[in-house]
>>> print(open('model-v2.cif').read())   # mmCIF, C-alpha atoms
data_my_file
#
loop_
_atom_site.label_atom_id
_atom_site.label_comp_id
_atom_site.auth_asym_id
_atom_site.auth_seq_id
_atom_site.Cartn_x
_atom_site.Cartn_y
_atom_site.Cartn_z
CA MET C 27 0.00 0.00 0.00
CA ARG C 28 1.24 3.47 -0.83
CA VAL C 29 0.73 6.61 1.20
CA ASP C 30 -0.94 8.45 -1.66
CA TYR C 31 -3.96 6.16 -1.48
CA TYR C 32 -5.10 8.45 1.32
CA LEU C 33 -5.11 11.30 -1.15
CA TYR C 34 -7.31 9.37 -3.57
CA LEU C 35 -9.68 8.50 -0.73
CA SER C 36 -9.76 12.15 0.26
CA ALA C 37 -10.57 13.17 -3.33
CA VAL C 38 -13.43 10.65 -3.46
CA LEU C 39 -14.86 11.82 -0.14
CA PHE C 40 -14.61 15.45 -1.22
CA THR C 41 -16.46 14.69 -4.43
CA ILE C 42 -19.23 12.87 -2.57
CA GLY C 43 -19.60 15.87 -0.29
CA ALA C 44 -19.74 18.26 -3.23
CA VAL C 45 -22.40 16.18 -4.99
CA GLY C 46 -24.37 16.10 -1.75
CA VAL C 47 -24.27 19.89 -1.51
CA LEU C 48 -25.61 20.13 -5.05
CA VAL C 49 -28.27 17.44 -4.75
CA ARG C 50 -29.76 17.73 -1.28
CA ARG C 51 -32.42 20.29 -0.28
CA ASN C 52 -32.53 20.03 3.49
CA ALA C 53 -30.27 22.80 4.76
CA ILE C 54 -28.89 20.69 7.60
CA VAL C 55 -27.94 17.82 5.30
CA VAL C 56 -26.28 20.31 2.93
CA PHE C 57 -24.33 21.54 5.93
CA MET C 58 -23.28 18.01 6.83
CA CYS C 59 -22.00 17.54 3.30
CA ILE C 60 -19.88 20.68 3.72
CA GLU C 61 -18.46 19.13 6.89
CA LEU C 62 -17.65 16.00 4.91
CA MET C 63 -15.72 18.10 2.40
CA LEU C 64 -13.77 19.79 5.21
CA ASN C 65 -12.94 16.40 6.69
CA ALA C 66 -11.71 15.12 3.34
CA VAL C 67 -9.41 18.12 3.01
CA ASN C 68 -8.12 17.49 6.54
CA LEU C 69 -7.23 13.94 5.58
CA SER C 70 -5.20 15.15 2.62
CA LEU C 71 -3.49 17.80 4.77
CA VAL C 72 -2.40 15.15 7.27
CA THR C 73 -1.15 12.99 4.41
CA PHE C 74 0.78 15.93 2.95
CA ALA C 75 2.43 16.46 6.35
CA ARG C 76 3.54 12.85 6.31
CA MET C 77 4.84 13.02 2.74
CA ASP C 78 6.67 16.28 3.33
CA GLY C 79 8.21 15.32 6.64
CA ASN C 80 7.04 18.31 8.68
CA LEU C 81 4.15 19.08 10.98
CA ASP C 82 2.73 22.09 9.15
CA GLY C 83 0.00 20.05 7.49
CA GLN C 84 -1.19 18.71 10.83
CA ILE C 85 -1.28 22.20 12.32
CA ILE C 86 -3.23 23.57 9.36
CA ALA C 87 -5.67 20.66 9.71
CA PHE C 88 -6.05 21.64 13.36
CA PHE C 89 -6.87 25.22 12.35
CA VAL C 90 -9.36 23.93 9.81
CA MET C 91 -11.10 22.05 12.61
CA VAL C 92 -11.28 25.20 14.75
CA VAL C 93 -12.68 27.29 11.91
CA ALA C 94 -15.13 24.50 11.06
CA ALA C 95 -16.40 24.51 14.63
CA ALA C 96 -17.01 28.28 14.49
CA GLU C 97 -18.63 27.92 11.08
CA VAL C 98 -20.98 25.19 12.31
CA VAL C 99 -22.13 27.35 15.21
CA ILE C 100 -22.95 30.32 12.98
CA GLY C 101 -24.43 28.23 10.18
CA LEU C 102 -26.75 26.32 12.47
CA ALA C 103 -27.86 29.56 14.12
CA ILE C 104 -28.68 30.96 10.66
CA ILE C 105 -30.60 27.79 9.76
CA MET C 106 -32.54 28.07 13.00
CA SER C 107 -33.47 31.71 12.45
CA ILE C 108 -34.56 30.92 8.87
CA PHE C 109 -36.62 28.02 10.20
CA ARG C 110 -38.24 30.31 12.74
CA SER C 111 -39.43 32.78 10.15
CA ARG C 112 -40.41 30.28 7.42
CA ARG C 113 -41.15 27.02 9.31
CA SER C 114 -39.01 25.13 6.83
CA ALA C 115 -35.40 23.98 6.60
CA SER C 116 -35.44 23.54 2.85
CA VAL C 117 -33.00 25.66 0.92
CA ASP C 118 -35.59 26.16 -1.83
CA ASN C 119 -37.75 28.28 0.43
CA ALA C 120 -35.10 30.86 1.20
CA ASN C 121 -35.26 32.64 -2.15
CA LEU C 122 -35.86 36.27 -1.24
CA LEU C 123 -32.53 37.36 -2.67
CA LYS C 124 -33.36 35.77 -6.00
CA TYR C 125 -35.28 38.66 -7.52
CA MET P 2 11.52 -17.01 6.86
CA THR P 3 10.77 -15.98 3.37
CA PRO P 4 12.13 -12.66 2.09
CA LEU P 5 8.60 -11.30 1.81
CA ALA P 6 7.87 -12.01 5.45
CA LEU P 7 11.21 -10.45 6.39
CA THR P 8 10.38 -7.23 4.58
CA VAL P 9 6.95 -7.16 6.14
CA VAL P 10 8.42 -7.54 9.62
CA ALA P 11 11.05 -4.92 8.89
CA ALA P 12 8.43 -2.52 7.64
CA ALA P 13 6.21 -3.16 10.63
CA SER P 14 9.03 -2.57 13.09
CA SER P 15 10.17 0.73 11.58
CA SER P 16 9.10 3.23 14.21
CA SER P 17 9.06 6.44 12.17
CA GLY P 18 6.20 5.12 10.12
CA ALA P 19 7.25 6.83 6.90
CA PRO P 20 6.39 3.94 4.57
CA ALA P 21 3.02 2.35 4.97
CA THR P 22 3.19 -0.86 6.95
CA LEU P 23 1.11 -3.98 6.62
CA HIS P 24 -1.00 -2.99 9.61
CA GLU P 25 -1.76 0.27 7.96
CA ALA P 26 -2.71 -1.41 4.71
CA VAL P 27 -5.14 -3.69 6.53
CA LEU P 28 -6.62 -0.70 8.35
CA PHE P 29 -6.90 1.28 5.17
CA TRP P 30 -8.56 -1.41 3.09
CA LEU P 31 -10.96 -2.19 5.93
CA LEU P 32 -11.99 1.35 6.71
CA ALA P 33 -11.77 3.13 3.37
CA PRO P 34 -14.72 1.20 1.84
CA ILE P 35 -16.68 1.78 5.04
CA ALA P 36 -15.95 5.50 4.92
CA VAL P 37 -16.85 5.83 1.24
CA GLY P 38 -20.00 3.73 1.69
CA ALA P 39 -21.10 5.78 4.68
CA ALA P 40 -20.46 9.01 2.78
CA ILE P 41 -22.56 7.81 -0.18
CA GLY P 42 -25.24 6.67 2.25
CA MET P 43 -25.19 10.08 3.86
CA VAL P 44 -25.95 11.75 0.55
CA LEU P 45 -28.68 9.24 -0.26
CA ALA P 46 -30.28 8.92 3.19
CA ARG P 47 -33.86 10.16 3.27
CA SER P 48 -33.87 11.04 6.96
CA ALA P 49 -31.51 13.69 8.26
CA VAL P 50 -30.82 11.73 11.46
CA HIS P 51 -29.57 8.76 9.42
CA ALA P 52 -27.33 11.17 7.53
CA ALA P 53 -25.89 12.45 10.82
CA VAL P 54 -25.16 8.92 12.06
CA LEU P 55 -23.47 7.99 8.78
CA LEU P 56 -21.41 11.17 8.96
CA ALA P 57 -20.28 10.04 12.42
CA VAL P 58 -19.08 6.77 10.86
CA VAL P 59 -17.04 8.71 8.28
CA MET P 60 -15.54 10.96 10.93
CA LEU P 61 -14.58 8.08 13.21
CA SER P 62 -12.89 6.19 10.37
CA LEU P 63 -10.99 9.37 9.51
CA ALA P 64 -9.83 9.49 13.15
CA ALA P 65 -8.50 5.95 12.72
CA PHE P 66 -6.65 7.06 9.59
CA TYR P 67 -5.08 9.92 11.54
CA THR P 68 -3.70 7.52 14.13
CA ALA P 69 -2.25 5.42 11.33
CA GLU P 70 -0.65 8.52 9.83
CA ASN P 71 1.21 9.45 13.03
CA ALA P 72 -1.19 12.22 14.00
CA PRO P 73 -2.57 11.01 17.35
CA PHE P 74 -3.34 14.55 18.50
CA LEU P 75 -5.52 15.22 15.48
CA ALA P 76 -7.19 11.84 15.90
CA VAL P 77 -8.24 12.74 19.43
CA VAL P 78 -9.37 16.20 18.35
CA GLN P 79 -11.33 14.63 15.53
CA VAL P 80 -13.20 12.36 17.93
CA VAL P 81 -13.73 14.95 20.65
CA VAL P 82 -14.44 18.07 18.61
CA TYR P 83 -15.92 16.76 15.40
CA THR P 84 -17.76 13.62 16.38
CA GLY P 85 -18.42 14.71 19.92
CA ALA P 86 -19.26 18.40 19.70
CA VAL P 87 -20.02 19.38 16.13
CA LEU P 88 -22.12 16.37 15.28
CA MET P 89 -24.04 16.58 18.55
CA LEU P 90 -24.75 20.24 17.71
CA PHE P 91 -26.14 19.03 14.39
CA LEU P 92 -28.37 16.55 16.17
CA PHE P 93 -29.55 19.19 18.63
CA VAL P 94 -30.60 21.52 15.84
CA LEU P 95 -32.16 18.60 14.00
CA MET P 96 -34.31 17.85 17.03
CA LEU P 97 -35.20 21.53 17.48
CA ILE P 98 -36.23 21.96 13.87
CA GLY P 99 -38.16 18.74 13.82
CA VAL P 100 -36.95 15.35 12.72
CA ASP P 101 -39.88 14.86 10.40
CA SER P 102 -39.12 17.89 8.25
CA THR P 103 -38.56 15.73 5.18
CA ASP P 104 -36.69 16.70 2.07
CA SER P 105 -38.84 17.95 -0.75
CA LEU P 106 -38.54 15.44 -3.56
CA MET P 107 -39.72 17.85 -6.21
CA GLU P 108 -36.97 19.08 -8.49
CA THR P 109 -37.08 22.85 -8.75
CA LEU P 110 -34.54 22.92 -11.55
CA HIS P 111 -35.19 20.38 -14.26
CA GLY P 112 -32.50 17.69 -14.43
CA GLN P 113 -30.46 19.22 -11.64
CA ARG P 114 -29.75 15.96 -9.89
CA PHE P 115 -28.54 14.23 -13.01
CA ALA P 116 -26.35 17.19 -13.93
CA ALA P 117 -24.93 17.37 -10.40
CA THR P 118 -24.06 13.67 -10.45
CA VAL P 119 -22.38 13.93 -13.84
CA ILE P 120 -20.42 16.99 -12.77
CA GLY P 121 -19.42 15.22 -9.56
CA LEU P 122 -18.16 12.18 -11.44
CA GLY P 123 -16.21 14.39 -13.83
CA PHE P 124 -14.74 16.29 -10.90
CA ALA P 125 -13.66 13.04 -9.23
CA VAL P 126 -12.01 11.83 -12.43
CA LEU P 127 -10.20 15.14 -12.83
CA LEU P 128 -9.00 15.14 -9.22
CA VAL P 129 -7.77 11.56 -9.30
CA ALA P 130 -6.06 12.03 -12.66
CA ALA P 131 -4.38 15.23 -11.49
CA LEU P 132 -3.23 13.50 -8.32
CA ALA P 133 -1.89 10.51 -10.22
CA GLY P 134 -0.06 12.82 -12.62
CA ALA P 135 1.37 15.06 -9.91
CA LEU P 136 2.43 12.37 -7.47
CA GLY P 137 4.26 10.12 -9.89
CA SER P 138 6.96 8.74 -7.67
CA PHE P 139 7.89 10.12 -4.31
CA HIS P 140 9.29 8.87 -1.06
CA PRO P 141 7.20 9.77 1.98
CA ARG P 142 9.45 11.07 4.71
CA GLY P 143 7.13 10.67 7.69
CA VAL P 144 6.74 13.16 10.48
CA GLY P 145 9.19 11.34 12.76
CA GLY P 146 11.99 13.74 11.82
CA ALA P 147 9.92 16.83 12.49
CA GLU P 148 8.87 15.54 15.87
CA ALA P 149 12.53 15.02 16.80
CA GLY P 150 11.73 12.43 19.44
CA LYS P 151 9.55 14.82 21.41
CA GLY P 152 6.30 13.19 20.56
CA ASN P 153 3.48 14.43 18.40
CA VAL P 154 1.65 16.62 20.91
CA THR P 155 4.75 18.40 22.19
CA ALA P 156 6.04 19.04 18.69
CA ILE P 157 2.69 20.44 17.56
CA ALA P 158 2.46 22.62 20.67
CA GLU P 159 5.93 24.06 20.07
CA GLN P 160 5.04 24.99 16.50
CA LEU P 161 1.60 26.28 17.49
CA PHE P 162 2.92 28.65 20.14
CA SER P 163 5.91 29.92 18.19
CA ARG P 164 5.43 30.00 14.44
CA TYR P 165 1.66 29.94 14.39
CA VAL P 166 1.00 32.01 17.49
CA PHE P 167 -0.72 34.87 15.63
CA ALA P 168 -2.99 32.47 13.79
CA PHE P 169 -3.73 30.85 17.13
CA GLU P 170 -4.70 34.18 18.71
CA ALA P 171 -6.81 35.00 15.67
CA THR P 172 -8.75 31.76 16.09
CA SER P 173 -9.50 32.70 19.69
CA ALA P 174 -10.99 35.98 18.47
CA LEU P 175 -12.86 34.04 15.81
CA LEU P 176 -14.35 31.64 18.36
CA ILE P 177 -15.51 34.48 20.61
CA THR P 178 -17.06 36.25 17.62
CA ALA P 179 -18.78 33.05 16.57
CA GLY P 180 -20.23 32.52 20.04
CA LEU P 181 -21.50 36.09 20.12
CA GLY P 182 -22.91 35.77 16.62
CA ALA P 183 -24.75 32.59 17.51
CA MET P 184 -26.29 34.30 20.52
CA VAL P 185 -27.41 37.27 18.41
CA LEU P 186 -28.79 35.06 15.64
CA ALA P 187 -30.59 32.62 17.90
CA HIS P 188 -31.97 35.33 20.17
CA ARG P 189 -35.68 36.00 19.86
CA GLU P 190 -37.23 39.26 21.00
CA PRO P 191 -40.30 38.58 23.17
CA LEU P 192 -43.48 39.75 21.44
CA GLN P 193 -44.89 41.33 24.59
CA ALA P 194 -43.32 42.36 27.85
CA ARG P 195 -43.16 39.70 30.49
CA ARG P 196 -45.88 39.99 33.16
CA THR P 197 -44.51 40.49 36.63
CA GLN P 198 -45.85 38.87 39.75
CA GLN P 199 -47.24 42.22 40.89
CA GLU P 200 -49.26 42.67 37.71
CA ARG P 201 -50.68 39.17 37.95
CA MET P 202 -51.67 39.82 41.60
CA ARG P 203 -53.42 43.06 40.60
CA GLU P 204 -55.36 41.22 37.88
CA ARG P 205 -56.47 38.56 40.32
CA THR P 206 -57.63 41.12 42.87
CA ALA P 207 -59.51 43.09 40.23
CA ARG P 208 -61.25 39.96 39.00
CA GLY P 209 -62.44 39.16 42.54
CA GLY P 210 -63.73 35.85 43.84
CA GLY P 211 -61.56 32.82 44.46
CA GLU P 212 -58.69 32.83 46.87
CA MET P 213 -56.67 35.90 47.44
CA ALA P 214 -54.04 34.17 49.54
CA PRO P 215 -52.25 30.97 48.47
CA LEU P 216 -54.23 27.76 48.89
CA PRO P 217 -53.67 25.84 52.13
CA GLY P 218 -50.97 23.23 51.88
CA PRO P 219 -51.85 19.56 52.29
CA GLY P 220 -51.47 17.86 55.61
CA VAL P 221 -51.63 20.96 57.79
CA TYR P 222 -52.75 19.92 61.30
CA ALA P 223 -53.42 16.38 60.01
CA ASP P 224 -51.63 13.18 60.88
CA HIS P 225 -49.57 13.06 57.67
CA ASP P 226 -48.15 15.72 55.47
CA ALA P 227 -48.38 13.67 52.29
CA VAL P 228 -49.76 15.54 49.29
CA ASP P 229 -52.96 13.51 49.29
CA THR P 230 -53.78 14.19 52.94
CA PRO P 231 -56.12 17.14 53.16
CA ALA P 232 -55.40 19.89 55.61
CA LEU P 233 -57.59 20.32 58.65
CA LEU P 234 -59.12 23.60 59.47
CA PRO P 235 -58.81 24.81 63.07
CA ASP P 236 -62.28 23.44 63.86
CA GLY P 237 -61.28 19.93 62.68
CA SER P 238 -63.11 19.94 59.36
CA ILE P 239 -61.38 19.14 56.08
CA ALA P 240 -60.12 21.88 53.82
CA PRO P 241 -60.87 20.46 50.34
CA ALA P 242 -58.85 23.08 48.52
CA SER P 243 -55.67 21.82 50.11
CA VAL P 244 -55.45 18.74 47.88
CA ALA P 245 -55.21 18.91 44.13
CA GLU P 246 -58.37 17.76 42.39
CA HIS P 247 -56.91 14.72 40.64
CA LEU P 248 -55.50 13.45 43.93
CA GLN P 249 -58.85 13.44 45.70
CA ILE P 250 -59.65 9.79 45.10
CA SER P 251 -61.57 9.14 48.29
CA ARG P 252 -63.15 11.71 50.49
CA ALA P 253 -62.00 9.85 53.57
CA LYS P 254 -61.26 11.81 56.67
CA PRO P 255 -57.60 11.96 57.64
CA HIS P 256 -57.04 9.33 60.27
CA VAL P 257 -56.55 10.79 63.64
CA ASP P 258 -56.52 14.31 64.69
CA VAL P 259 -53.22 15.24 66.20
CA ALA P 260 -54.96 17.23 68.89
CA GLU P 261 -57.13 14.22 69.81
CA ARG P 262 -54.12 11.93 70.08
CA GLU P 263 -52.27 14.34 72.28
CA ILE P 264 -55.25 14.55 74.56
CA GLY P 265 -55.66 10.76 74.51
CA ASN P 266 -52.14 9.85 75.68
CA PRO P 267 -50.33 12.81 77.12
CA ARG P 268 -46.59 12.50 77.38
#
>>> encode(input="model-v2.cif", output="structure tokens")
Amino acid sequence: MRVDYYLYLSAVLFTIGAVGVLVRRNAIVVFMCIELMLNAVNLSLVTFARMDGNLDGQIIAFFVMVVAAAEVVIGLAIIMSIFRSRRSASVDNANLLKY
Amino acid sequence: MTPLALTVVAAASSSSGAPATLHEAVLFWLLAPIAVGAAIGMVLARSAVHAAVLLAVVMLSLAAFYTAENAPFLAVVQVVVYTGAVLMLFLFVLMLIGVDSTDSLMETLHGQRFAATVIGLGFAVLLVAALAGALGSFHPRGVGGAEAGKGNVTAIAEQLFSRYVFAFEATSALLITAGLGAMVLAHREPLQARRTQQERMRERTARGGGEMAPLPGPGVYADHDAVDTPALLPDGSIAPASVAEHLQISRAKPHVDVAEREIGNPR
């Protein structure tokens, strides 16, 4: 087994997450797919650290996790406030900016 | 011992972990299909709770990959922060919003799903091809050299508090801002001012009738002070208001009057 298999796995997971963002309508599931993409990128960062022989990749993955935590908090609060005003978590219903 | 077995043992005993060992290969080929399957299931799952559980499977297998890649600190953070905190936050919001808020199956844009799948497949092919072209041949060095025998956590901490200290401080500001933002976004202004106890008392007095003072507590002057024992009035009769209506199963008199018993056998 070669180390770069992790990178291929990461690419596949990222693609699945991206397709999920495009296909799903429920805002929370879309958000989960974004988390999946972030996780896939973290996996490739850790693998890059191993290939390059320094710890920078691991530290950047750590920062990605911190930023993802902050992003989840804000995103879920936005989803909740949209749900409160529209009684729906579907991304199709939030279309006021469309026109 | 065959040469193959010798190389396997040599690879397994190399402590820096730069080349992938047999253990790692077994771990990878066990968990990678599980992770990919769970990710696909997450996209296809009808219920959002199922999607969350499948995402937990993906995250936990990624944590296992981190341990295999000499990143034990990140593996622990992955389990604690991602699977423990972030995903539980997802589940909380899912329960608040309502589990049964199903996905609308109607396609707003015609053929969007098909197009998204095709684009996704093309993207995957591009990524994998670019990776295969860029990687070619390389020799992974492993992070053992960077750790310099100090261990993963210590080495990461040294880098984090020296080279990356400004980024670290910036994330602290970011986290505080995010907490504040969540409070502002989730805050709901009350539609009308909250009624105080004084106002409610005034209303009750103006309405008249009923009890002005609190109702008598159960068991006052009676033998027991259980909630289903009615209070006794000073003349020995039962105060019916002292027991909640649904507790008044039988209208039996409380057993013995305390006053009577004291008279009967004085100490």
>>> closest_atom_pairs(input="model-v2.cif", of="chain P", to="chain C", cutoff="6 Å", atoms="only C-alpha atoms", output="JSON lines")
{"residue": "P:Ala26", "atom": "CA", "partner": "C:Met27", "partner_atom": "CA", "distance": 5.6}
{"residue": "P:Val44", "atom": "CA", "partner": "C:Gly46", "partner_atom": "CA", "distance": 5.2}
{"residue": "P:Asp104", "atom": "CA", "partner": "C:Asn52", "partner_atom": "CA", "distance": 5.5}
{"residue": "P:Arg114", "atom": "CA", "partner": "C:Val49", "partner_atom": "CA", "distance": 5.5}
{"residue": "P:Gly121", "atom": "CA", "partner": "C:Val45", "partner_atom": "CA", "distance": 5.5}
{"residue": "P:Ala125", "atom": "CA", "partner": "C:Thr41", "partner_atom": "CA", "distance": 5.8}
{"residue": "P:Pro141", "atom": "CA", "partner": "C:Met77", "partner_atom": "CA", "distance": 4.1}
{"residue": "P:Arg142", "atom": "CA", "partner": "C:Gly79", "partner_atom": "CA", "distance": 4.8}
{"residue": "P:Gly143", "atom": "CA", "partner": "C:Arg76", "partner_atom": "CA", "distance": 4.4}
{"residue": "P:Val144", "atom": "CA", "partner": "C:Gly79", "partner_atom": "CA", "distance": 4.6}
{"residue": "P:Ala147", "atom": "CA", "partner": "C:Asn80", "partner_atom": "CA", "distance": 5.0}
{"residue": "P:Leu176", "atom": "CA", "partner": "C:Ala96", "partner_atom": "CA", "distance": 5.8}
{"residue": "P:Ala179", "atom": "CA", "partner": "C:Ala96", "partner_atom": "CA", "distance": 5.5}
{"residue": "P:Ala183", "atom": "CA", "partner": "C:Ile100", "partner_atom": "CA", "distance": 5.4}
{"residue": "P:Leu186", "atom": "CA", "partner": "C:Ala103", "partner_atom": "CA", "distance": 5.8}
{"residue": "P:Ala187", "atom": "CA", "partner": "C:Ala103", "partner_atom": "CA", "distance": 5.6}
>>> write_last_selection(input="model-v2.cif", atoms="C-alpha atoms", output="mmCIF file, in the frame of the given file")
data_model
loop_
_atom_site.group_PDB
_atom_site.id
_atom_site.type_symbol
_atom_site.label_atom_id
_atom_site.label_comp_id
_atom_site.auth_asym_id
_atom_site.auth_seq_id
_atom_site.Cartn_x
_atom_site.Cartn_y
_atom_site.Cartn_z
ATOM 1 C CA ALA P 26 -2.710 -1.410 4.710
ATOM 2 C CA VAL P 44 -25.950 11.750 0.550
ATOM 3 C CA ASP P 104 -36.690 16.700 2.070
ATOM 4 C CA ARG P 114 -29.750 15.960 -9.890
ATOM 5 C CA GLY P 121 -19.420 15.220 -9.560
ATOM 6 C CA ALA P 125 -13.660 13.040 -9.230
ATOM 7 C CA PRO P 141 7.200 9.770 1.980
ATOM 8 C CA ARG P 142 9.450 11.070 4.710
ATOM 9 C CA GLY P 143 7.130 10.670 7.690
ATOM 10 C CA VAL P 144 6.740 13.160 10.480
ATOM 11 C CA ALA P 147 9.920 16.830 12.490
ATOM 12 C CA LEU P 176 -14.350 31.640 18.360
ATOM 13 C CA ALA P 179 -18.780 33.050 16.570
ATOM 14 C CA ALA P 183 -24.750 32.590 17.510
ATOM 15 C CA LEU P 186 -28.790 35.060 15.640
ATOM 16 C CA ALA P 187 -30.590 32.620 17.900
#
>>> atom_distance(input="model-v2.cif", atom1="CA of Glu190 (chain P)", atom2="CA of Ala86 (chain P)")
27.6 Å
>>> atom_distance(input="model-v2.cif", atom1="CA of Met60 (chain P)", atom2="CA of Trp30 (chain P)")
16.2 Å
>>> residues_around(input="model-v2.cif", residues="Ala57 (chain P)", least_positions_apart="6", cutoff="10 Å", atoms="only C-alpha atoms", output="PyMOL selection string")
(chain C and resi 62) or (chain P and resi 36+39-40+43+51+63+80+83-85+88-89)
>>> closest_residue(input="model-v2.cif", among="P:Gly210, P:Pro34, P:Pro241, P:Pro73", to="Asp229 (chain P)", atoms="all atoms listed in the file")
P:Pro241
